[in-house]
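Each remark here refers to the structure printed beneath this line.
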Amino acid sequence: MAALGLTPDDIEEEVVEVWPDAWPAFRLFDALGTQWRVAPGGPSGLDYTAIPATASMLGINRRDLTNIFPDLRVMEVEAMAVMSEIME
């Protein structure tokens with residue numbers, strides 16, 4: 001956050017329910033929290049090279065990762081939209 005000029009006070013805390021079928025993707029997304037690629041204009045997306053190793057550390061096998069990846073992408077796109085709003 002500091003690299004983006006943000007502090008924890010800049011982020012509103014809210015309770016979000018995670019559906020059981022999205023839980024593995026959420027766990028992976030959360031674990032990838034420090035794996036964002038950042039360009040001069042701000043975050044450009046997750047570093048996909050970190051996904052397999054991170055998934056493995058969480059006990060997610062490659063076969064399941066194929067099913068989780070689309071949900072991970074949805075979370076990535078939404079996170080980028082939120083970060084873009086904050087930076088405006």
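Every chain in the structure tokens has a letter given in the order shown (A, B, ...), and although residue numbers restart at 1 in each chain, ligands are simply numbered from 1 in the order shown.
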
Any chance you could list, as an NGL selection string, the residues in chain A that come up helix (DSSP H, G or I) when DSSP is run on the backbone? :A and (2-4 or 8-10 or 20-31 or 48-57 or 62-87)

Selection above as a file: C-alpha atoms, as a PDB file, in the first residue's frame:
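Written output follows (out_39.pdb):
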```
ATOM      1  CA  ALA A   2       2.797   2.398   0.822  1.00  0.00           C
ATOM      2  CA  ALA A   3       4.146   2.093  -2.733  1.00  0.00           C
ATOM      3  CA  LEU A   4       0.797   3.437  -3.888  1.00  0.00           C
ATOM      4  CA  PRO A   8      -4.726   1.300   6.106  1.00  0.00           C
ATOM      5  CA  ASP A   9      -6.983   4.281   6.873  1.00  0.00           C
ATOM      6  CA  ASP A  10      -7.537   4.753   3.122  1.00  0.00           C
ATOM      7  CA  PRO A  20     -17.919 -21.959  -0.252  1.00  0.00           C
ATOM      8  CA  ASP A  21     -17.193 -22.715  -3.910  1.00  0.00           C
ATOM      9  CA  ALA A  22     -15.126 -19.513  -4.187  1.00  0.00           C
ATOM     10  CA  TRP A  23     -13.167 -20.121  -0.973  1.00  0.00           C
ATOM     11  CA  PRO A  24     -10.119 -21.771  -2.625  1.00  0.00           C
ATOM     12  CA  ALA A  25      -9.796 -18.866  -5.082  1.00  0.00           C
ATOM     13  CA  PHE A  26     -10.172 -16.369  -2.251  1.00  0.00           C
ATOM     14  CA  ARG A  27      -7.476 -18.084  -0.191  1.00  0.00           C
ATOM     15  CA  LEU A  28      -5.146 -18.018  -3.197  1.00  0.00           C
ATOM     16  CA  PHE A  29      -5.949 -14.378  -3.993  1.00  0.00           C
ATOM     17  CA  ASP A  30      -5.290 -13.398  -0.385  1.00  0.00           C
ATOM     18  CA  ALA A  31      -1.978 -15.274  -0.350  1.00  0.00           C
ATOM     19  CA  TYR A  48       1.094 -15.013 -12.679  1.00  0.00           C
ATOM     20  CA  THR A  49       4.474 -16.686 -12.256  1.00  0.00           C
ATOM     21  CA  ALA A  50       3.847 -16.723  -8.487  1.00  0.00           C
ATOM     22  CA  ILE A  51       0.506 -18.525  -8.753  1.00  0.00           C
ATOM     23  CA  PRO A  52       1.656 -22.178  -9.015  1.00  0.00           C
ATOM     24  CA  ALA A  53       4.104 -21.980  -6.105  1.00  0.00           C
ATOM     25  CA  THR A  54       1.637 -20.099  -3.914  1.00  0.00           C
ATOM     26  CA  ALA A  55      -1.147 -22.551  -4.748  1.00  0.00           C
ATOM     27  CA  SER A  56       1.159 -25.443  -3.924  1.00  0.00           C
ATOM     28  CA  MET A  57       1.984 -23.928  -0.518  1.00  0.00           C
ATOM     29  CA  ARG A  62      -2.520 -28.097 -10.417  1.00  0.00           C
ATOM     30  CA  ARG A  63      -5.702 -29.860 -11.515  1.00  0.00           C
ATOM     31  CA  ASP A  64      -7.777 -27.767  -9.093  1.00  0.00           C
ATOM     32  CA  LEU A  65      -5.864 -24.630 -10.030  1.00  0.00           C
ATOM     33  CA  THR A  66      -7.295 -24.888 -13.551  1.00  0.00           C
ATOM     34  CA  ASN A  67     -10.794 -24.576 -12.073  1.00  0.00           C
ATOM     35  CA  ILE A  68      -9.820 -21.852  -9.598  1.00  0.00           C
ATOM     36  CA  PHE A  69      -8.040 -19.580 -12.087  1.00  0.00           C
ATOM     37  CA  PRO A  70     -11.175 -17.977 -13.620  1.00  0.00           C
ATOM     38  CA  ASP A  71     -12.406 -16.972 -10.150  1.00  0.00           C
ATOM     39  CA  LEU A  72      -8.955 -15.616  -9.329  1.00  0.00           C
ATOM     40  CA  ARG A  73      -9.092 -13.472 -12.486  1.00  0.00           C
ATOM     41  CA  VAL A  74     -12.473 -12.037 -11.454  1.00  0.00           C
ATOM     42  CA  MET A  75     -10.987 -11.037  -8.103  1.00  0.00           C
ATOM     43  CA  GLU A  76      -7.923  -9.554  -9.787  1.00  0.00           C
ATOM     44  CA  VAL A  77      -9.999  -7.425 -12.167  1.00  0.00           C
ATOM     45  CA  GLU A  78     -12.231  -6.174  -9.357  1.00  0.00           C
ATOM     46  CA  ALA A  79      -9.235  -5.375  -7.147  1.00  0.00           C
ATOM     47  CA  MET A  80      -7.669  -3.389  -9.973  1.00  0.00           C
ATOM     48  CA  ALA A  81     -10.910  -1.434 -10.430  1.00  0.00           C
ATOM     49  CA  VAL A  82     -11.000  -0.606  -6.710  1.00  0.00           C
ATOM     50  CA  MET A  83      -7.328   0.410  -6.661  1.00  0.00           C
ATOM     51  CA  SER A  84      -7.930   2.595  -9.703  1.00  0.00           C
ATOM     52  CA  GLU A  85     -10.786   4.400  -7.927  1.00  0.00           C
ATOM     53  CA  ILE A  86      -8.642   4.983  -4.849  1.00  0.00           C
ATOM     54  CA  MET A  87      -5.809   6.448  -6.908  1.00  0.00           C
TER      55      MET A  87
END
```

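Among the residues of chain A, backbone DSSP assigns strand (DSSP E) to Trp36, Arg37, Val38, Ala39, Gly42, Pro43, Ser44, Gly45 and Leu46 of chain A.
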
Please dump the current selection as a compact mmCIF listing (two decimals), in the first residue's frame; keep N, CA and C atoms.
```
# COMPACT_ATOMS: atom_id res chain seq x y z
N TRP A 36 1.76 -8.32 -6.77
CA TRP A 36 1.22 -7.46 -7.82
C TRP A 36 2.35 -6.89 -8.66
N ARG A 37 2.13 -6.86 -9.95
CA ARG A 37 3.06 -6.15 -10.84
C ARG A 37 2.61 -4.70 -10.86
N VAL A 38 3.56 -3.80 -10.73
CA VAL A 38 3.24 -2.38 -10.68
C VAL A 38 4.00 -1.66 -11.78
N ALA A 39 3.25 -0.90 -12.58
CA ALA A 39 3.82 -0.09 -13.65
C ALA A 39 3.78 1.37 -13.21
N GLY A 42 0.50 2.49 -11.96
CA GLY A 42 -0.11 1.76 -10.85
C GLY A 42 -0.11 0.26 -11.12
N PRO A 43 -0.86 -0.49 -10.34
CA PRO A 43 -0.89 -1.95 -10.49
C PRO A 43 -1.38 -2.36 -11.87
N SER A 44 -0.71 -3.35 -12.45
CA SER A 44 -1.12 -3.81 -13.78
C SER A 44 -1.64 -5.24 -13.74
N GLY A 45 -1.63 -5.86 -12.58
CA GLY A 45 -2.16 -7.21 -12.45
C GLY A 45 -1.28 -8.05 -11.54
N LEU A 46 -1.77 -9.23 -11.25
CA LEU A 46 -1.00 -10.17 -10.44
C LEU A 46 0.18 -10.73 -11.23
```
